[in-house]
Amino acid sequence: VRLRYDVSISVDDSRDKGTKKTLLSGAAGEAGPGDTLAVLGPSGSGKTTMLRVLSGRMVGYTGRVLLNEKSPTETTRNVLCFVQQEDLFIPSVTPREHLLFHARLRIENSIPVEEKIRRVNGLLAELGLKKCADTPIGGVGATVSGNISGGEKKRLSLATELLSRPSVIFADEVT
């Protein structure tokens with residue numbers, strides 16, 4: 001998939017009624033198959049906003065986002081995934097349970113359950129999550145022994161998105 005973009009976005013300024021605050025202005029670039037594109041900048045510079053626009057999770061921008069030289073549709077957006085900055089998990093669930101639940105939701109019904117289980121087990125192994133696969137995830141900021149670490153949570157977020165085998169991965173604050 002080739003991604004090409006040139007976007008700007010402004011929103012109403014909550015501190016000064018009637019004025020607009022520019023979040024992005026002429027952010028442009030492109031990435032092709034096999035490319036890695038990193039978005040760097042200080043806190044508040046619009047990195048997350050740009051990723052949300054490019055991944056189709058934000059509307060109201062001006063400019064264009066093209067996938068293979070065409071405007072994204074609901075179907076073409078299915079080849080994109082977005083790993084959010086914040087990890088959202090049910091604390092009492094294990095990584096294996098979490099991934100199996102998402103596999104049943106996200107992978108087509110035509111794929112047999114056995115294949116979904118294989119995909120989950122493969123991702124657990126590939127992302128170094130096998131040793132914690134049956135450990136409760138734990139809550140926000142939990143450092144209690146018996147829960148998975150922050151790094152394991154981030155890899156679990158990535159595994160969740162990789163279940164659907166996306167062509168393009170947008171990852172916000174991956175380190």
# chains A, B, ... in the order shown; residues from 1 in each chain; ligands from 1
>>> select_by_dssp(residues="chain A", states="strand (DSSP E)", output="VMD selection string")
chain A and resid 3 to 12 20 to 31 62 to 67 80 to 83 168 to 171
>>> select_by_dssp(residues="chain A", states="alpha helix (DSSP H)", output="JSON, numbers by chain")
{"A": [47, 48, 49, 50, 51, 52, 53, 54, 74, 75, 76, 77, 95, 96, 97, 98, 99, 100, 101, 102, 103, 104, 105, 106, 113, 114, 115, 116, 117, 118, 119, 120, 121, 122, 123, 124, 125, 126, 150, 151, 152, 153, 154, 155, 156, 157, 158, 159, 160, 161, 162]}
>>> residues_around(residues="Asp6 of chain A", least_positions_apart="6", cutoff="12 Å", atoms="only C-alpha atoms", output="NGL selection string")
:A and (24-30 or 50 or 53-54 or 61-66)
>>> closest_atom_pairs(of="segment 1-102 of chain A", to="segment 110-132 of chain A", cutoff="10 Å", atoms="only C-alpha atoms", output="Markdown table")
| residue | atom | partner | partner_atom | distance |
| --- | --- | --- | --- | --- |
| A:Thr94 | CA | A:Cys132 | CA | 8.0 |
| A:Pro95 | CA | A:Cys132 | CA | 7.3 |
| A:Arg96 | CA | A:Val120 | CA | 7.3 |
| A:Glu97 | CA | A:Val120 | CA | 9.5 |
| A:His98 | CA | A:Val120 | CA | 9.6 |
| A:Leu99 | CA | A:Val120 | CA | 6.1 |
| A:Leu100 | CA | A:Val120 | CA | 6.5 |
| A:Phe101 | CA | A:Val120 | CA | 9.9 |
| A:His102 | CA | A:Val120 | CA | 9.5 |
>>> closest_atom_pairs(of="segment 25-133 of chain A", to="segment 158-170 of chain A", cutoff="7 Å", atoms="only C-alpha atoms", output="Markdown table")
| residue | atom | partner | partner_atom | distance |
| --- | --- | --- | --- | --- |
| A:Leu51 | CA | A:Phe170 | CA | 6.5 |
| A:Ser55 | CA | A:Phe170 | CA | 6.8 |
| A:Val79 | CA | A:Pro166 | CA | 4.6 |
| A:Leu80 | CA | A:Val168 | CA | 4.8 |
| A:Cys81 | CA | A:Ile169 | CA | 5.0 |
| A:Phe82 | CA | A:Phe170 | CA | 4.7 |
| A:Val83 | CA | A:Leu158 | CA | 6.0 |
| A:Leu99 | CA | A:Thr160 | CA | 6.0 |
| A:His102 | CA | A:Thr160 | CA | 6.8 |
| A:Ala103 | CA | A:Leu163 | CA | 6.4 |
| A:Arg106 | CA | A:Ser164 | CA | 6.4 |
| A:Ile107 | CA | A:Ser164 | CA | 5.9 |
| A:Leu123 | CA | A:Ala159 | CA | 6.1 |
>>> residues_around(residues="Val174 of chain A", least_positions_apart="2", cutoff="10 Å", atoms="only C-alpha atoms", output="list in words")
Val83, Gln84, Gln85, Gly151, Lys154, Arg155, Ser157, Leu158, Phe170, Ala171 and Asp172 of chain A
>>> write_last_selection(atoms="all heavy atoms", output="PDB file, in the first residue's frame")
ATOM      1  N   VAL A  83      -2.429   1.621  16.602  1.00  0.00           N
ATOM      2  CA  VAL A  83      -2.076   1.226  17.969  1.00  0.00           C
ATOM      3  C   VAL A  83      -2.063   2.508  18.790  1.00  0.00           C
ATOM      4  O   VAL A  83      -1.200   3.364  18.594  1.00  0.00           O
ATOM      5  CB  VAL A  83      -0.696   0.531  18.019  1.00  0.00           C
ATOM      6  CG1 VAL A  83      -0.372   0.099  19.451  1.00  0.00           C
ATOM      7  CG2 VAL A  83      -0.662  -0.662  17.070  1.00  0.00           C
ATOM      8  N   GLN A  84      -3.037   2.624  19.679  1.00  0.00           N
ATOM      9  CA  GLN A  84      -3.193   3.854  20.451  1.00  0.00           C
ATOM     10  C   GLN A  84      -2.090   4.047  21.478  1.00  0.00           C
ATOM     11  O   GLN A  84      -1.437   3.103  21.905  1.00  0.00           O
ATOM     12  CB  GLN A  84      -4.540   3.835  21.177  1.00  0.00           C
ATOM     13  CG  GLN A  84      -5.723   3.791  20.231  1.00  0.00           C
ATOM     14  CD  GLN A  84      -7.010   3.888  20.993  1.00  0.00           C
ATOM     15  OE1 GLN A  84      -7.264   4.905  21.629  1.00  0.00           O
ATOM     16  NE2 GLN A  84      -7.827   2.853  20.942  1.00  0.00           N
ATOM     17  N   GLN A  85      -1.946   5.284  21.893  1.00  0.00           N
ATOM     18  CA  GLN A  85      -0.968   5.655  22.909  1.00  0.00           C
ATOM     19  C   GLN A  85      -1.338   5.027  24.255  1.00  0.00           C
ATOM     20  O   GLN A  85      -0.483   4.539  24.982  1.00  0.00           O
ATOM     21  CB  GLN A  85      -0.965   7.182  23.020  1.00  0.00           C
ATOM     22  CG  GLN A  85       0.151   7.757  23.794  1.00  0.00           C
ATOM     23  CD  GLN A  85       0.118   9.277  23.699  1.00  0.00           C
ATOM     24  OE1 GLN A  85      -0.022   9.921  24.724  1.00  0.00           O
ATOM     25  NE2 GLN A  85       0.233   9.843  22.531  1.00  0.00           N
ATOM     26  N   GLY A 151       5.721  -2.756  29.183  1.00  0.00           N
ATOM     27  CA  GLY A 151       6.208  -3.140  27.861  1.00  0.00           C
ATOM     28  C   GLY A 151       5.399  -4.281  27.270  1.00  0.00           C
ATOM     29  O   GLY A 151       5.110  -4.304  26.066  1.00  0.00           O
ATOM     30  N   LYS A 154       2.166  -2.866  25.975  1.00  0.00           N
ATOM     31  CA  LYS A 154       2.337  -2.195  24.679  1.00  0.00           C
ATOM     32  C   LYS A 154       2.408  -3.229  23.560  1.00  0.00           C
ATOM     33  O   LYS A 154       1.803  -3.069  22.504  1.00  0.00           O
ATOM     34  CB  LYS A 154       3.593  -1.314  24.705  1.00  0.00           C
ATOM     35  CG  LYS A 154       3.754  -0.426  23.500  1.00  0.00           C
ATOM     36  CD  LYS A 154       2.542   0.413  23.162  1.00  0.00           C
ATOM     37  CE  LYS A 154       2.351   1.606  24.039  1.00  0.00           C
ATOM     38  NZ  LYS A 154       1.222   2.438  23.616  1.00  0.00           N
ATOM     39  N   ARG A 155       3.134  -4.319  23.782  1.00  0.00           N
ATOM     40  CA  ARG A 155       3.221  -5.379  22.766  1.00  0.00           C
ATOM     41  C   ARG A 155       1.883  -6.073  22.582  1.00  0.00           C
ATOM     42  O   ARG A 155       1.535  -6.479  21.475  1.00  0.00           O
ATOM     43  CB  ARG A 155       4.316  -6.382  23.124  1.00  0.00           C
ATOM     44  CG  ARG A 155       5.707  -5.781  22.896  1.00  0.00           C
ATOM     45  CD  ARG A 155       6.772  -6.735  23.269  1.00  0.00           C
ATOM     46  NE  ARG A 155       6.671  -6.907  24.724  1.00  0.00           N
ATOM     47  CZ  ARG A 155       7.442  -7.665  25.460  1.00  0.00           C
ATOM     48  NH1 ARG A 155       8.388  -8.372  24.913  1.00  0.00           N
ATOM     49  NH2 ARG A 155       7.284  -7.745  26.750  1.00  0.00           N
ATOM     50  N   SER A 157      -1.014  -4.540  22.871  1.00  0.00           N
ATOM     51  CA  SER A 157      -1.778  -3.600  22.032  1.00  0.00           C
ATOM     52  C   SER A 157      -1.431  -3.803  20.561  1.00  0.00           C
ATOM     53  O   SER A 157      -2.308  -3.817  19.696  1.00  0.00           O
ATOM     54  CB  SER A 157      -1.463  -2.149  22.418  1.00  0.00           C
ATOM     55  OG  SER A 157      -1.986  -1.838  23.666  1.00  0.00           O
ATOM     56  N   LEU A 158      -0.142  -3.958  20.277  1.00  0.00           N
ATOM     57  CA  LEU A 158       0.296  -4.203  18.907  1.00  0.00           C
ATOM     58  C   LEU A 158      -0.239  -5.537  18.400  1.00  0.00           C
ATOM     59  O   LEU A 158      -0.758  -5.622  17.281  1.00  0.00           O
ATOM     60  CB  LEU A 158       1.820  -4.172  18.834  1.00  0.00           C
ATOM     61  CG  LEU A 158       2.446  -4.427  17.468  1.00  0.00           C
ATOM     62  CD1 LEU A 158       1.979  -3.411  16.442  1.00  0.00           C
ATOM     63  CD2 LEU A 158       3.963  -4.424  17.578  1.00  0.00           C
ATOM     64  N   PHE A 170      -0.204   2.177  12.066  1.00  0.00           N
ATOM     65  CA  PHE A 170       0.056   3.464  12.687  1.00  0.00           C
ATOM     66  C   PHE A 170       0.195   3.193  14.175  1.00  0.00           C
ATOM     67  O   PHE A 170      -0.737   2.687  14.791  1.00  0.00           O
ATOM     68  CB  PHE A 170      -1.097   4.442  12.442  1.00  0.00           C
ATOM     69  CG  PHE A 170      -1.269   4.819  10.997  1.00  0.00           C
ATOM     70  CD1 PHE A 170      -2.225   4.196  10.219  1.00  0.00           C
ATOM     71  CD2 PHE A 170      -0.478   5.794  10.431  1.00  0.00           C
ATOM     72  CE1 PHE A 170      -2.390   4.540   8.890  1.00  0.00           C
ATOM     73  CE2 PHE A 170      -0.621   6.143   9.098  1.00  0.00           C
ATOM     74  CZ  PHE A 170      -1.580   5.514   8.329  1.00  0.00           C
ATOM     75  N   ALA A 171       1.352   3.490  14.747  1.00  0.00           N
ATOM     76  CA  ALA A 171       1.590   3.223  16.160  1.00  0.00           C
ATOM     77  C   ALA A 171       1.971   4.524  16.850  1.00  0.00           C
ATOM     78  O   ALA A 171       2.937   5.166  16.495  1.00  0.00           O
ATOM     79  CB  ALA A 171       2.698   2.179  16.320  1.00  0.00           C
ATOM     80  N   ASP A 172       1.171   4.895  17.845  1.00  0.00           N
ATOM     81  CA  ASP A 172       1.377   6.134  18.579  1.00  0.00           C
ATOM     82  C   ASP A 172       2.122   5.848  19.873  1.00  0.00           C
ATOM     83  O   ASP A 172       1.658   5.040  20.687  1.00  0.00           O
ATOM     84  CB  ASP A 172       0.008   6.767  18.885  1.00  0.00           C
ATOM     85  CG  ASP A 172       0.110   8.210  19.320  1.00  0.00           C
ATOM     86  OD1 ASP A 172       1.216   8.766  19.307  1.00  0.00           O
ATOM     87  OD2 ASP A 172      -0.937   8.769  19.677  1.00  0.00           O
TER      88      ASP A 172
END
>>> closest_residue(among="A:Gly150, A:Ser43, A:Ser14, A:Tyr5", to="Glu86 of chain A", atoms="only C-alpha atoms")
A:Gly150
